[in-house]
file target28.cif (mmCIF, C-alpha atoms and all ligand atoms)
data_input
#
loop_
_atom_site.label_atom_id
_atom_site.label_comp_id
_atom_site.auth_asym_id
_atom_site.auth_seq_id
_atom_site.Cartn_x
_atom_site.Cartn_y
_atom_site.Cartn_z
CA MET A 1 -0.67 -27.41 37.77
CA LEU A 2 2.41 -29.24 36.52
CA LEU A 3 1.96 -31.70 33.65
CA TYR A 4 4.27 -34.53 32.65
CA PHE A 5 4.38 -36.33 29.34
CA GLY A 6 6.87 -38.46 27.40
CA LEU A 7 9.12 -39.32 30.35
CA GLY A 8 9.86 -42.74 28.84
CA HIS A 9 12.29 -44.91 30.81
CA MET A 10 13.85 -42.09 32.85
CA ASN A 11 13.85 -42.01 36.66
CA THR A 12 10.34 -40.65 36.93
CA CYS A 13 10.30 -40.01 40.70
CA LEU A 14 13.50 -38.01 40.64
CA ILE A 15 12.38 -36.04 37.60
CA ILE A 16 9.02 -35.25 39.16
CA GLU A 17 10.60 -34.12 42.44
CA THR A 18 13.21 -31.97 40.70
CA ASN A 19 10.69 -30.44 38.35
CA GLU A 20 8.31 -29.66 41.15
CA GLN A 21 11.07 -27.78 42.96
CA TYR A 22 12.00 -26.04 39.73
CA THR A 23 8.40 -25.06 39.06
CA GLN A 24 8.01 -23.68 42.57
CA SER A 25 11.08 -21.51 41.92
CA LEU A 26 9.65 -20.29 38.64
CA ILE A 27 6.30 -19.15 40.03
CA PRO A 28 7.59 -15.93 41.68
CA VAL A 29 9.79 -15.23 38.65
CA ALA A 30 6.83 -15.60 36.29
CA ASP A 31 4.69 -13.43 38.58
CA LYS A 32 7.28 -10.69 38.54
CA LEU A 33 7.63 -10.82 34.77
CA LEU A 34 3.88 -10.89 34.15
CA GLY A 35 3.61 -7.85 36.43
CA LEU A 36 6.26 -5.97 34.47
CA LEU A 37 4.61 -6.90 31.18
CA SER A 38 1.33 -5.63 32.58
CA ARG A 39 2.95 -2.31 33.46
CA GLY A 40 4.36 -2.15 29.94
CA LEU A 41 0.78 -2.06 28.72
CA GLY A 42 -0.16 0.67 31.20
CA LEU A 43 -2.07 -1.81 33.40
CA GLU A 44 -1.91 -2.81 37.05
CA ASP A 45 0.59 -5.57 37.86
CA GLY A 46 -2.00 -8.36 38.23
CA GLU A 47 -4.08 -7.64 35.15
CA VAL A 48 -2.13 -9.66 32.59
CA LYS A 49 -2.02 -12.63 34.94
CA GLN A 50 -5.74 -12.31 35.39
CA GLY A 51 -6.16 -12.38 31.61
CA LEU A 52 -4.21 -15.64 31.58
CA SER A 53 -6.29 -17.41 34.25
CA CYS A 54 -4.52 -16.13 37.37
CA ASP A 55 -3.20 -19.03 39.43
CA ASP A 56 -4.58 -21.77 37.20
CA LEU A 57 -1.80 -21.54 34.62
CA PHE A 58 -0.48 -24.90 33.42
CA TYR A 59 3.28 -25.37 33.65
CA MET A 60 4.39 -27.76 30.91
CA LEU A 61 8.00 -28.82 30.82
CA LYS A 62 9.56 -30.12 27.62
CA ILE A 63 13.10 -31.44 27.28
CA ASN A 64 14.72 -30.90 23.89
CA TYR A 65 17.69 -33.07 22.95
CA TYR A 66 19.65 -32.10 19.84
CA PRO A 67 22.43 -34.62 19.11
CA ALA A 68 25.60 -33.46 17.35
CA CYS A 69 25.05 -33.34 13.60
CA PRO A 70 27.79 -33.94 10.99
CA CYS A 71 26.24 -31.38 8.59
CA PRO A 72 24.73 -28.62 10.77
CA GLU A 73 24.43 -26.28 7.78
CA LEU A 74 21.94 -28.70 6.21
CA ASP A 75 19.71 -29.21 9.22
CA LEU A 76 17.86 -27.42 12.01
CA GLY A 77 17.02 -28.56 15.54
CA LEU A 78 13.55 -27.03 15.52
CA GLY A 79 12.18 -25.24 12.48
CA PRO A 80 10.98 -21.61 12.68
CA HIS A 81 7.91 -21.23 14.89
CA THR A 82 6.25 -19.20 17.61
CA ASP A 83 5.17 -20.84 20.86
CA MET A 84 1.51 -21.05 21.75
CA SER A 85 2.14 -20.55 25.44
CA SER A 86 1.63 -17.30 27.27
CA ILE A 87 5.26 -17.31 28.26
CA THR A 88 8.03 -19.85 27.89
CA ILE A 89 10.84 -19.98 30.42
CA LEU A 90 13.82 -21.75 28.99
CA VAL A 91 17.00 -23.22 30.45
CA PRO A 92 19.61 -24.07 27.79
CA ASN A 93 22.96 -25.76 28.18
CA GLU A 94 26.10 -23.91 27.10
CA VAL A 95 25.89 -25.01 23.46
CA GLN A 96 24.74 -22.21 21.15
CA GLY A 97 21.57 -22.96 19.21
CA LEU A 98 18.59 -20.69 19.84
CA GLN A 99 17.99 -17.99 17.24
CA VAL A 100 15.33 -15.28 16.97
CA PHE A 101 14.13 -13.56 13.81
CA LYS A 102 14.11 -9.79 13.49
CA ASP A 103 14.32 -7.48 10.45
CA ASP A 104 14.97 -10.35 8.01
CA HIS A 105 17.85 -11.76 10.06
CA TRP A 106 18.34 -14.68 12.42
CA TYR A 107 20.15 -13.59 15.58
CA ASP A 108 21.89 -15.96 17.99
CA VAL A 109 20.63 -15.81 21.56
CA ALA A 110 23.84 -16.02 23.57
CA TYR A 111 24.20 -18.29 26.56
CA ILE A 112 24.90 -16.34 29.75
CA PRO A 113 25.26 -18.37 32.94
CA ASN A 114 22.85 -17.39 35.76
CA ALA A 115 20.95 -15.00 33.53
CA LEU A 116 17.41 -14.60 32.36
CA ILE A 117 16.99 -13.47 28.80
CA VAL A 118 13.69 -11.75 28.21
CA LEU A 119 12.68 -11.29 24.61
CA ILE A 120 9.51 -9.44 23.81
CA GLY A 121 8.43 -9.45 20.19
CA ASP A 122 8.12 -6.08 18.54
CA GLN A 123 9.97 -4.29 21.33
CA ILE A 124 12.94 -6.56 21.00
CA GLU A 125 15.41 -3.81 20.09
CA VAL A 126 14.62 -1.65 23.07
CA ASN A 127 13.58 -4.35 25.50
CA PHE A 128 16.43 -6.81 25.34
CA HIS A 129 17.16 -7.44 28.99
CA TRP A 130 19.83 -9.54 30.58
CA ILE A 131 18.71 -10.00 34.15
CA LYS A 132 20.92 -11.63 36.73
CA PHE A 133 18.86 -13.57 39.22
CA GLY A 134 21.70 -14.43 41.57
CA ASN A 135 20.95 -17.56 43.57
CA ARG A 136 17.21 -17.51 43.05
CA ILE A 137 17.41 -20.08 40.28
CA HIS A 138 20.64 -21.92 39.66
CA GLY A 139 21.94 -22.19 36.16
CA SER A 140 21.05 -20.10 33.18
CA VAL A 141 17.40 -19.41 32.61
CA GLN A 142 16.10 -17.80 29.51
CA LEU A 143 12.66 -16.41 29.27
CA VAL A 144 11.73 -16.27 25.67
CA LEU A 145 8.70 -15.98 23.48
CA LEU A 146 5.62 -14.38 24.69
CA CYS A 147 2.49 -15.23 22.84
CA TRP A 148 1.08 -11.88 23.78
CA GLN A 149 -0.52 -10.73 20.59
CA ILE A 150 -4.01 -11.57 21.73
CA LEU A 151 -3.90 -10.31 25.31
CA SER A 152 -2.12 -7.10 24.40
CA ASN A 153 -4.27 -6.61 21.28
CA GLY A 154 -1.19 -6.67 19.07
CA LYS A 155 1.11 -4.46 21.14
CA TYR A 156 3.43 -7.33 22.04
CA LYS A 157 4.25 -9.83 19.32
CA SER A 158 5.22 -13.48 19.60
CA VAL A 159 8.88 -14.10 18.88
CA TYR A 160 9.61 -16.15 15.77
CA HIS A 161 12.46 -18.49 16.67
CA ARG A 162 14.26 -21.67 15.69
CA THR A 163 17.18 -23.80 16.84
CA THR A 164 20.32 -24.86 15.03
CA VAL A 165 22.45 -27.95 15.66
CA ASN A 166 26.14 -28.26 16.46
CA LYS A 167 28.73 -30.31 14.61
CA GLU A 168 30.48 -31.68 17.71
CA LYS A 169 28.32 -31.03 20.73
CA THR A 170 24.97 -32.22 21.96
CA ARG A 171 22.60 -29.42 22.90
CA MET A 172 19.77 -29.65 25.40
CA SER A 173 17.13 -27.18 26.49
CA TRP A 174 14.41 -27.29 29.12
CA PRO A 175 11.56 -24.94 28.16
CA MET A 176 8.68 -24.54 30.57
CA PHE A 177 5.53 -23.42 28.74
CA LEU A 178 3.05 -21.49 30.85
CA GLU A 179 -0.39 -21.94 29.34
CA PRO A 180 -3.92 -21.04 30.34
CA PRO A 181 -6.21 -24.04 30.97
CA PRO A 182 -7.86 -25.36 27.76
CA GLU A 183 -11.33 -24.06 28.64
CA PHE A 184 -10.12 -20.59 29.67
CA GLU A 185 -11.29 -17.78 27.38
CA VAL A 186 -8.38 -15.69 26.11
CA GLY A 187 -8.94 -12.37 24.41
CA PRO A 188 -7.65 -8.81 24.38
CA ILE A 189 -7.72 -7.27 27.85
CA PRO A 190 -10.88 -5.09 27.81
CA LYS A 191 -9.07 -2.02 29.19
CA LEU A 192 -6.83 -1.99 26.11
CA ILE A 193 -9.75 -1.76 23.71
CA ASN A 194 -11.29 1.55 22.69
CA GLN A 195 -12.45 3.41 19.60
CA ASP A 196 -8.89 4.21 18.53
CA ASN A 197 -7.67 0.70 19.29
CA PRO A 198 -10.46 -1.74 18.37
CA SER A 199 -10.12 -5.43 19.16
CA LYS A 200 -7.92 -7.21 16.63
CA PHE A 201 -8.55 -10.73 17.95
CA LYS A 202 -11.58 -12.80 18.81
CA THR A 203 -11.97 -13.95 22.39
CA LYS A 204 -11.94 -17.73 22.39
CA LYS A 205 -11.14 -20.73 24.52
CA TYR A 206 -7.43 -21.43 24.69
CA LYS A 207 -8.01 -24.96 23.33
CA ASP A 208 -9.71 -23.45 20.24
CA PHE A 209 -6.76 -21.10 19.72
CA VAL A 210 -4.43 -24.13 19.85
CA ASP A 211 -6.67 -26.08 17.50
CA CYS A 212 -6.70 -23.24 14.92
CA LYS A 213 -2.95 -22.84 15.17
CA LEU A 214 -2.17 -26.55 14.85
CA ASN A 215 -4.55 -26.94 11.93
CA LYS A 216 -3.40 -23.67 10.31
CA LEU A 217 -6.91 -22.20 10.45
CA PRO A 218 -7.56 -18.44 10.76
CA GLN A 219 -7.71 -17.30 14.41
O1 LIG B 1 15.86 -25.35 22.35
C1 LIG B 1 15.61 -24.15 22.43
O2 LIG B 1 16.43 -23.30 22.78
C2 LIG B 1 14.23 -23.65 22.06
C3 LIG B 1 13.18 -24.72 22.09
C4 LIG B 1 11.87 -24.26 21.56
O3 LIG B 1 11.76 -23.25 20.92
C5 LIG B 1 10.67 -25.07 21.83
O4 LIG B 1 10.78 -26.17 22.38
O5 LIG B 1 9.57 -24.60 21.48
FE FE B 2 9.70 -22.69 20.72
#

call {"tool": "encode", "arguments": {"input": "target28.cif", "output": "structure tokens"}}
result
Amino acid sequence: MLLYFGLGHMNTCLIIETNEQYTQSLIPVADKLLGLLSRGLGLEDGEVKQGLSCDDLFYMLKINYYPACPCPELDLGLGPHTDMSSITILVPNEVQGLQVFKDDHWYDVAYIPNALIVLIGDQIEVNFHWIKFGNRIHGSVQLVLLCWQILSNGKYKSVYHRTTVNKEKTRMSWPMFLEPPPEFEVGPIPKLINQDNPSKFKTKKYKDFVDCKLNKLPQ
């Protein structure tokens, strides 16, 4: 399901058509990545996707617009945060701005045309992949931020990230957030739980997870 919000005065029909094509292109990419992430947990390819509601995932596109800022050292585009989505697939423009936090440092995520950047929380140092996708998706696509703590029972960690602003140039980014439906129960994948690795997270509806996060309540 593809959701639209905040389109304002833009050419809605064209945006909807383009985004639908874009979403269709992302589905096989997301499937492939979810499969690889599943394997990383020692599971079958489809098991992570199953834990995220299989084919009912919501695709939510957001367009970020960061105008040039005369004092970039005094401001941020987006403050430090983790995304609530299961995965976020992000297309930036060529203006530098996305940063991820690791070992007390903010690192720039470089823009590479026609590349996917896959960042996976606590394995970031060893799993920093630059994947060329040739003509499959045009432009640069970055896959960032996996809110995997719950599903993987803490093995994968969400990436803490922020965006900076540029003195001369406008920056834009088009993140697509892949989220389970609100009523879907998300919890650690049962196969990952055993006596040595007890469940670290409660299983709860995705909408309740969002509610706790937005209201800064314990999960
Ligand atoms: O603009 C970016 O590169 C990142 C945007 C982002 O983190 C978000 O919209 O949640
Ligand atoms: Fe984000």

call {"tool": "closest_residue", "arguments": {"input": "target28.cif", "among": "A:Gly46, A:Pro70, A:Gly40, A:Gly51", "to": "Val186 of chain A", "atoms": "only C-alpha atoms"}}
result
A:Gly51

call {"tool": "atom_distance", "arguments": {"input": "target28.cif", "atom1": "atom CA of Gly154 of chain A", "atom2": "atom CA of Lys200 of chain A"}}
result
7.2 Å

call {"tool": "residues_near_ligand", "arguments": {"input": "target28.cif", "ligand": "ligand FE 2 (chain B)", "cutoff": "12 Å", "atoms": "only C-alpha atoms and all ligand atoms", "output": "NGL selection string"}}
result
:A and (61-64 or 77-90 or 97-100 or 142-147 or 158-163 or 173-177)

call {"tool": "atom_distance", "arguments": {"input": "target28.cif", "atom1": "atom CA of Ser38 of chain A", "atom2": "atom CA of Pro188 of chain A"}}
result
12.6 Å

call {"tool": "closest_residue", "arguments": {"input": "target28.cif", "among": "A:Leu217, A:Leu192, A:Ile16, A:Ala68", "to": "Leu151 of chain A", "atoms": "all atoms listed in the file"}}
result
A:Leu192

call {"tool": "residues_around", "arguments": {"input": "target28.cif", "residues": "Asp45 of chain A", "least_positions_apart": "3", "cutoff": "9 Å", "atoms": "all atoms listed in the file", "output": "ChimeraX atom specification"}}
result
/A:31-32,34-39,48-49
